[in-house]
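The file start.csv contains CSV, C-alpha atoms:
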chain,number,residue,atom,x,y,z
A,120,MET,CA,-16.6,-21.3,1.4
A,121,ARG,CA,-15.0,-21.6,-1.9
A,122,TYR,CA,-15.2,-19.7,-5.2
A,123,GLU,CA,-14.3,-21.0,-8.7
A,124,ASN,CA,-13.0,-19.3,-11.9
A,125,ILE,CA,-11.4,-16.4,-10.1
A,126,THR,CA,-9.8,-13.5,-11.8
A,127,GLN,CA,-8.6,-10.0,-10.9
A,128,GLY,CA,-9.4,-6.6,-12.3
A,129,ILE,CA,-9.3,-2.9,-11.7
A,130,PHE,CA,-12.5,-1.1,-10.5
A,131,LEU,CA,-13.5,1.8,-12.8
A,132,GLU,CA,-17.0,2.9,-11.8
A,133,ARG,CA,-20.4,1.8,-10.4
A,134,PRO,CA,-23.3,3.4,-12.3
A,135,ASN,CA,-25.9,1.7,-10.1
A,136,ARG,CA,-26.0,-0.6,-7.1
A,137,PHE,CA,-26.3,-3.8,-9.3
A,138,ILE,CA,-23.4,-3.4,-11.8
A,139,ALA,CA,-19.9,-2.1,-12.0
A,140,TYR,CA,-17.4,-1.5,-14.8
A,141,VAL,CA,-14.1,-3.3,-14.3
A,142,ASP,CA,-10.9,-3.3,-16.3
A,143,ILE,CA,-10.1,-7.0,-17.0
A,144,ASP,CA,-6.8,-7.3,-18.9
A,145,GLY,CA,-7.4,-4.0,-20.6
A,146,VAL,CA,-11.0,-4.6,-21.5
A,147,LYS,CA,-13.8,-2.5,-19.9
A,148,THR,CA,-16.2,-5.1,-18.7
A,149,VAL,CA,-19.6,-4.9,-17.0
A,150,CYS,CA,-19.9,-7.0,-13.9
A,151,HIS,CA,-22.6,-7.9,-11.4
A,152,VAL,CA,-21.9,-6.5,-7.9
A,153,LYS,CA,-22.9,-9.1,-5.3
A,154,ASN,CA,-23.7,-6.4,-2.7
A,155,THR,CA,-26.4,-3.8,-3.1
A,156,GLY,CA,-25.0,-1.7,-0.2
A,157,ARG,CA,-23.1,1.5,-0.8
A,158,CYS,CA,-19.5,0.2,-0.3
A,159,LYS,CA,-18.4,3.7,-1.2
A,160,GLU,CA,-15.3,3.4,1.0
A,161,LEU,CA,-14.2,0.3,-0.9
A,162,LEU,CA,-15.3,0.6,-4.5
A,163,VAL,CA,-13.1,3.5,-5.5
A,164,ALA,CA,-11.6,4.1,-9.0
A,165,GLY,CA,-8.3,2.2,-9.3
A,166,ALA,CA,-9.0,-0.4,-6.6
A,167,ARG,CA,-8.0,-4.0,-7.3
A,168,VAL,CA,-11.0,-6.3,-7.2
A,169,ILE,CA,-11.6,-10.0,-7.4
A,170,LEU,CA,-14.2,-11.5,-9.7
A,171,GLU,CA,-15.8,-14.9,-10.2
A,172,LYS,CA,-16.6,-15.9,-13.7
A,173,SER,CA,-20.0,-17.5,-14.1
A,174,ASN,CA,-20.5,-20.9,-15.7
A,175,ASN,CA,-23.8,-19.8,-17.2
A,176,PRO,CA,-23.2,-18.7,-20.8
A,177,LEU,CA,-26.7,-17.1,-21.0
A,178,ARG,CA,-26.1,-14.6,-18.2
A,179,LYS,CA,-26.0,-10.9,-19.2
A,180,THR,CA,-22.9,-10.3,-17.0
A,181,ALA,CA,-20.2,-12.9,-17.2
A,182,TYR,CA,-18.6,-11.9,-13.9
A,183,ASP,CA,-19.5,-11.3,-10.3
A,184,LEU,CA,-17.5,-8.8,-8.2
A,185,ILE,CA,-16.9,-10.5,-4.9
A,186,ALA,CA,-14.0,-8.8,-3.2
A,187,VAL,CA,-11.9,-5.7,-3.2
A,188,TYR,CA,-8.5,-4.7,-1.8
A,189,LYS,CA,-8.3,-1.8,0.6
A,190,GLY,CA,-4.6,-1.2,0.5
A,191,ASP,CA,-3.1,-4.7,1.1
A,192,MET,CA,-6.2,-6.0,2.9
A,193,LEU,CA,-8.6,-8.1,0.9
A,194,ILE,CA,-12.3,-7.5,1.9
A,195,ASN,CA,-15.0,-9.8,0.7
A,196,ILE,CA,-18.2,-7.9,-0.2
A,197,ASP,CA,-20.4,-10.8,-1.4
A,198,SER,CA,-23.6,-10.3,0.6
A,199,VAL,CA,-24.5,-14.0,0.4
A,200,ALA,CA,-21.1,-15.1,1.8
A,201,PRO,CA,-21.7,-14.4,5.5
A,202,ASN,CA,-24.7,-16.7,5.8
A,203,LYS,CA,-22.9,-19.5,4.0
A,204,VAL,CA,-19.7,-19.3,6.1
A,205,PHE,CA,-21.8,-19.0,9.3
A,206,GLY,CA,-23.7,-22.1,8.4
A,207,GLU,CA,-20.5,-24.1,7.8
A,208,TRP,CA,-19.0,-22.7,11.1
A,209,ALA,CA,-22.1,-23.4,13.2
A,210,GLU,CA,-22.0,-27.1,12.3
A,211,LYS,CA,-18.3,-27.7,12.8
A,212,SER,CA,-17.3,-25.2,15.5
A,213,GLY,CA,-19.1,-26.7,18.5
A,214,PHE,CA,-20.2,-23.3,19.6
A,215,PHE,CA,-23.8,-24.4,20.1
A,216,GLY,CA,-22.9,-27.8,21.3
A,217,ASP,CA,-24.4,-30.9,19.6
A,218,ILE,CA,-26.7,-29.6,16.9
A,219,SER,CA,-29.6,-31.9,16.2
A,220,TYR,CA,-31.4,-29.7,13.7
A,221,ILE,CA,-30.4,-26.6,11.7
A,222,LYS,CA,-32.6,-24.8,9.2
A,223,PRO,CA,-31.8,-21.7,7.1
A,224,GLU,CA,-34.4,-19.0,6.4
A,225,CYS,CA,-36.9,-19.7,9.2
A,226,VAL,CA,-40.1,-17.7,9.6
A,227,TYR,CA,-41.0,-16.4,13.1
A,228,LYS,CA,-43.9,-14.1,13.5
A,229,ASN,CA,-43.3,-11.3,11.0
A,230,SER,CA,-39.6,-12.0,10.4
A,231,ARG,CA,-37.5,-14.5,8.5
A,232,PHE,CA,-34.4,-15.2,10.5
A,233,ASP,CA,-31.3,-16.6,8.8
A,234,TYR,CA,-31.1,-19.7,10.9
A,235,TYR,CA,-33.1,-21.8,13.3
A,236,ILE,CA,-31.1,-24.2,15.4
A,237,GLU,CA,-31.9,-27.0,17.9
A,238,ALA,CA,-29.0,-28.0,20.1
A,239,GLN,CA,-28.6,-29.2,23.7
A,240,GLY,CA,-32.3,-29.0,24.3
A,241,LYS,CA,-32.5,-25.4,23.2
A,242,ARG,CA,-34.4,-23.8,20.4
A,243,ILE,CA,-32.4,-20.9,18.9
A,244,PHE,CA,-32.9,-18.2,16.3
A,245,VAL,CA,-29.9,-16.6,14.6
A,246,GLU,CA,-29.6,-13.5,12.5
A,247,VAL,CA,-26.4,-12.9,10.5
A,248,LYS,CA,-25.2,-9.5,9.4
A,249,GLY,CA,-22.2,-9.1,7.0
A,250,VAL,CA,-19.8,-6.3,7.9
A,251,THR,CA,-17.5,-4.5,5.4
A,252,LEU,CA,-17.3,-1.0,6.8
A,253,GLU,CA,-13.8,-0.5,8.4
A,254,ASN,CA,-12.0,2.5,9.8
A,255,ASP,CA,-8.6,2.0,11.3
A,256,GLY,CA,-9.4,-1.5,12.4
A,257,VAL,CA,-12.8,-0.6,13.9
A,258,LEU,CA,-15.7,-2.5,12.1
A,259,SER,CA,-19.2,-1.2,12.1
A,260,PHE,CA,-22.7,-1.9,10.8
A,261,PRO,CA,-24.8,-0.7,9.0
A,262,ASP,CA,-23.3,1.4,6.2
A,263,ALA,CA,-26.8,2.7,5.4
A,264,PRO,CA,-30.1,2.9,7.4
A,265,THR,CA,-31.8,-0.5,7.8
A,266,GLU,CA,-35.4,-0.6,9.1
A,267,ARG,CA,-35.4,-4.3,8.3
A,268,GLY,CA,-32.4,-4.7,10.6
A,269,ILE,CA,-34.2,-3.0,13.5
A,270,LYS,CA,-37.3,-5.2,12.9
A,271,HIS,CA,-35.1,-8.3,13.2
A,272,LEU,CA,-33.5,-7.1,16.4
A,273,ASN,CA,-36.9,-6.4,18.0
A,274,GLU,CA,-38.3,-9.7,17.0
A,275,LEU,CA,-35.3,-11.6,18.3
A,276,ALA,CA,-36.0,-9.9,21.7
A,277,GLU,CA,-39.6,-11.1,21.4
A,278,ALA,CA,-38.3,-14.6,20.7
A,279,VAL,CA,-36.4,-14.6,23.9
A,280,LYS,CA,-39.6,-13.7,25.8
A,281,ASP,CA,-41.2,-16.7,24.2
A,282,GLY,CA,-38.5,-19.0,25.5
A,283,TYR,CA,-36.1,-19.2,22.5
A,284,GLY,CA,-32.4,-18.5,22.5
A,285,ALA,CA,-31.5,-15.6,20.2
A,286,TYR,CA,-28.3,-14.5,18.6
A,287,VAL,CA,-27.2,-11.8,16.2
A,288,PHE,CA,-23.8,-12.6,14.6
A,289,PHE,CA,-21.9,-9.8,12.9
A,290,VAL,CA,-19.6,-11.6,10.4
A,291,VAL,CA,-16.7,-9.3,9.5
A,292,GLN,CA,-15.7,-10.0,5.9
A,293,MET,CA,-12.0,-9.5,6.6
A,294,GLU,CA,-9.5,-10.8,9.2
A,295,GLU,CA,-8.4,-7.6,10.9
A,296,CYS,CA,-10.7,-6.2,13.6
A,297,LYS,CA,-9.8,-4.3,16.7
A,298,TYR,CA,-13.5,-4.4,17.8
A,299,PHE,CA,-17.0,-4.1,16.4
A,300,THR,CA,-19.5,-1.4,17.2
A,301,PRO,CA,-22.8,-0.3,15.7
A,302,ASN,CA,-22.6,2.6,13.3
A,303,VAL,CA,-24.3,5.4,15.3
A,304,GLN,CA,-23.4,8.0,12.7
A,305,ARG,CA,-25.2,6.2,9.9
A,306,HIS,CA,-28.2,4.8,11.8
A,307,LYS,CA,-28.5,5.7,15.5
A,308,GLU,CA,-31.9,3.9,15.8
A,309,PHE,CA,-30.2,0.6,14.8
A,310,ALA,CA,-27.6,1.1,17.5
A,311,VAL,CA,-30.3,1.8,20.1
A,312,ALA,CA,-32.2,-1.3,19.0
A,313,LEU,CA,-29.1,-3.4,19.2
A,314,ARG,CA,-28.4,-2.2,22.8
A,315,ASN,CA,-32.1,-2.9,23.7
A,316,ALA,CA,-32.0,-6.3,22.2
A,317,ALA,CA,-28.8,-7.2,24.2
A,318,ASN,CA,-30.4,-5.9,27.4
A,319,ASN,CA,-33.4,-8.2,26.7
A,320,GLY,CA,-31.4,-11.4,26.3
A,321,VAL,CA,-30.3,-11.4,22.7
A,322,GLU,CA,-26.7,-12.6,22.5
A,323,VAL,CA,-24.5,-10.3,20.3
A,324,ARG,CA,-21.3,-11.8,18.8
A,325,CYS,CA,-18.8,-10.8,16.2
A,326,LEU,CA,-16.7,-13.1,14.0
A,327,THR,CA,-13.8,-12.3,11.7
A,328,CYS,CA,-13.0,-14.1,8.5
A,329,LYS,CA,-10.0,-15.3,6.7
A,330,VAL,CA,-10.3,-13.9,3.2
A,331,LEU,CA,-8.4,-15.2,0.2
A,332,PRO,CA,-9.2,-14.5,-3.5
A,333,ASP,CA,-11.0,-17.8,-3.9
A,334,GLN,CA,-12.4,-18.4,-0.4
A,335,MET,CA,-13.7,-17.1,2.9
A,336,ASP,CA,-13.9,-18.9,6.2
A,337,ILE,CA,-14.7,-17.8,9.7
A,338,PHE,CA,-11.5,-17.2,11.6
A,339,ASP,CA,-12.0,-15.9,15.2
A,340,PHE,CA,-14.2,-14.0,17.6
A,341,ALA,CA,-13.8,-10.2,18.0
A,342,GLU,CA,-14.7,-7.8,20.7
A,343,VAL,CA,-18.2,-6.2,20.6
A,344,ARG,CA,-18.7,-2.7,22.0
A,345,ILE,CA,-22.4,-1.6,22.2
What's the structure tokens form of this structure?
Amino acid sequence: MRYENITQGIFLERPNRFIAYVDIDGVKTVCHVKNTGRCKELLVAGARVILEKSNNPLRKTAYDLIAVYKGDMLINIDSVAPNKVFGEWAEKSGFFGDISYIKPECVYKNSRFDYYIEAQGKRIFVEVKGVTLENDGVLSFPDAPTERGIKHLNELAEAVKDGYGAYVFFVVQMEECKYFTPNVQRHKEFAVALRNAANNGVEVRCLTCKVLPDQMDIFDFAEVRI
């Protein structure tokens, strides 16, 4: 996945979850944050950030904040990116075998899963979760309670009972990852739901990404501990 019109800046503050103030070449500039999550561990005053300038002159904010440096490590925080890179990877990686049909945003019962895939005679639902929360190489999700995430896990387990294949892919928006584990401290119920889903046939996978200022692509599998 590629970005255009990239520039760098220095993060100043985030008055609400939608916008941030960034120093771009000495000018305090309001930018759209492409992630409504907390990201408090990343968006700290003085952090170097990556922005994409919009081609739409009518936008209220000319820039999107898409990535941030944590020390020397660049972390993509664009919440749309994990789905995009997963879709590209699914079609070219061969993980699912020969894909005959793939559809994003597919409704099943009371959920809308990120992907529906038909491959090798199997019907598969996939939910993709972007991961940006890192502590000494250990990646975790979520960074805030997510009842919607629990609902998705429960209905993936229901899909398995109905004869579908079901996967949840945690897409780590950085390259370094010792292992992935659910964030029990932030949302114990999600961790329990993930374990229950795995015990009921939902496949749990973690993928790391190669992140550059102007691109992000899936890099490799990482260990999952649930």
12 Å contact set for stretch 230-244 of chain A, only C-alpha atoms, chain neighbours under 3 positions out, as an MDAnalysis selection string: chainID A and resid 199 201:203 205:207 209:210 213:227 247:249 267:279 281:288 321:322
Best match for closeness to A:Arg305 among A:Lys179, A:Arg136, A:Lys329, A:Arg157, counting only C-alpha atoms: A:Arg157
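Reported to one decimal place, the separation of atom CA of A:Ala164 from atom CA of A:Val250 is 21.5 Å.
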Polymer residues at most 7 Å from stretch 137-143 of chain A, all atoms listed in the file, same-chain spacing of 5 or more positions, as number ranges by chain: A: 127-132, 148-152, 155
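Taking atom CA of A:Gly190 and atom CA of A:Val168 as the two end points, the separation is 11.2 Å.
Computed from the coordinates, the atom CA of A:Tyr298 to atom CA of A:Leu184 distance equals 26.7 Å.
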From A:Glu266, A:Asp255, A:Asp333, A:Glu294, residue lying nearest A:Ile185 [all atoms listed in the file]: A:Asp333
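The closest residue to A:Glu246, picked from A:Leu170, A:Cys328, A:Leu162, A:Val323 and counting all atoms listed in the file, is A:Val323.
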Shell around A:Ile196 at 7 Å using all atoms listed in the file, local window under 4 positions removed, as a ChimeraX atom specification: /A:154,185-186,251,292
Distance query A:Tyr122 at most 9 Å, all atoms listed in the file, self and fewer than 5 positions along chain excluded, as a PyMOL selection string: chain A and resi 171+332-335
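Take the candidates A:Asn174, A:Lys280, A:Asp144, A:Pro134 and check each one against A:Ala316 using all atoms listed in the file; the shortest distance goes to A:Lys280.
In this comparison, which uses only C-alpha atoms, the residue of A:Leu326, A:Leu313, A:Val257, A:Leu331 approaching A:Val187 most closely is A:Leu331.
Among A:Cys158, A:Ile345, A:Leu252, A:Ile125, the residue with the shortest atom-to-atom distance to A:Val311, counting all atoms listed in the file, is A:Ile345.
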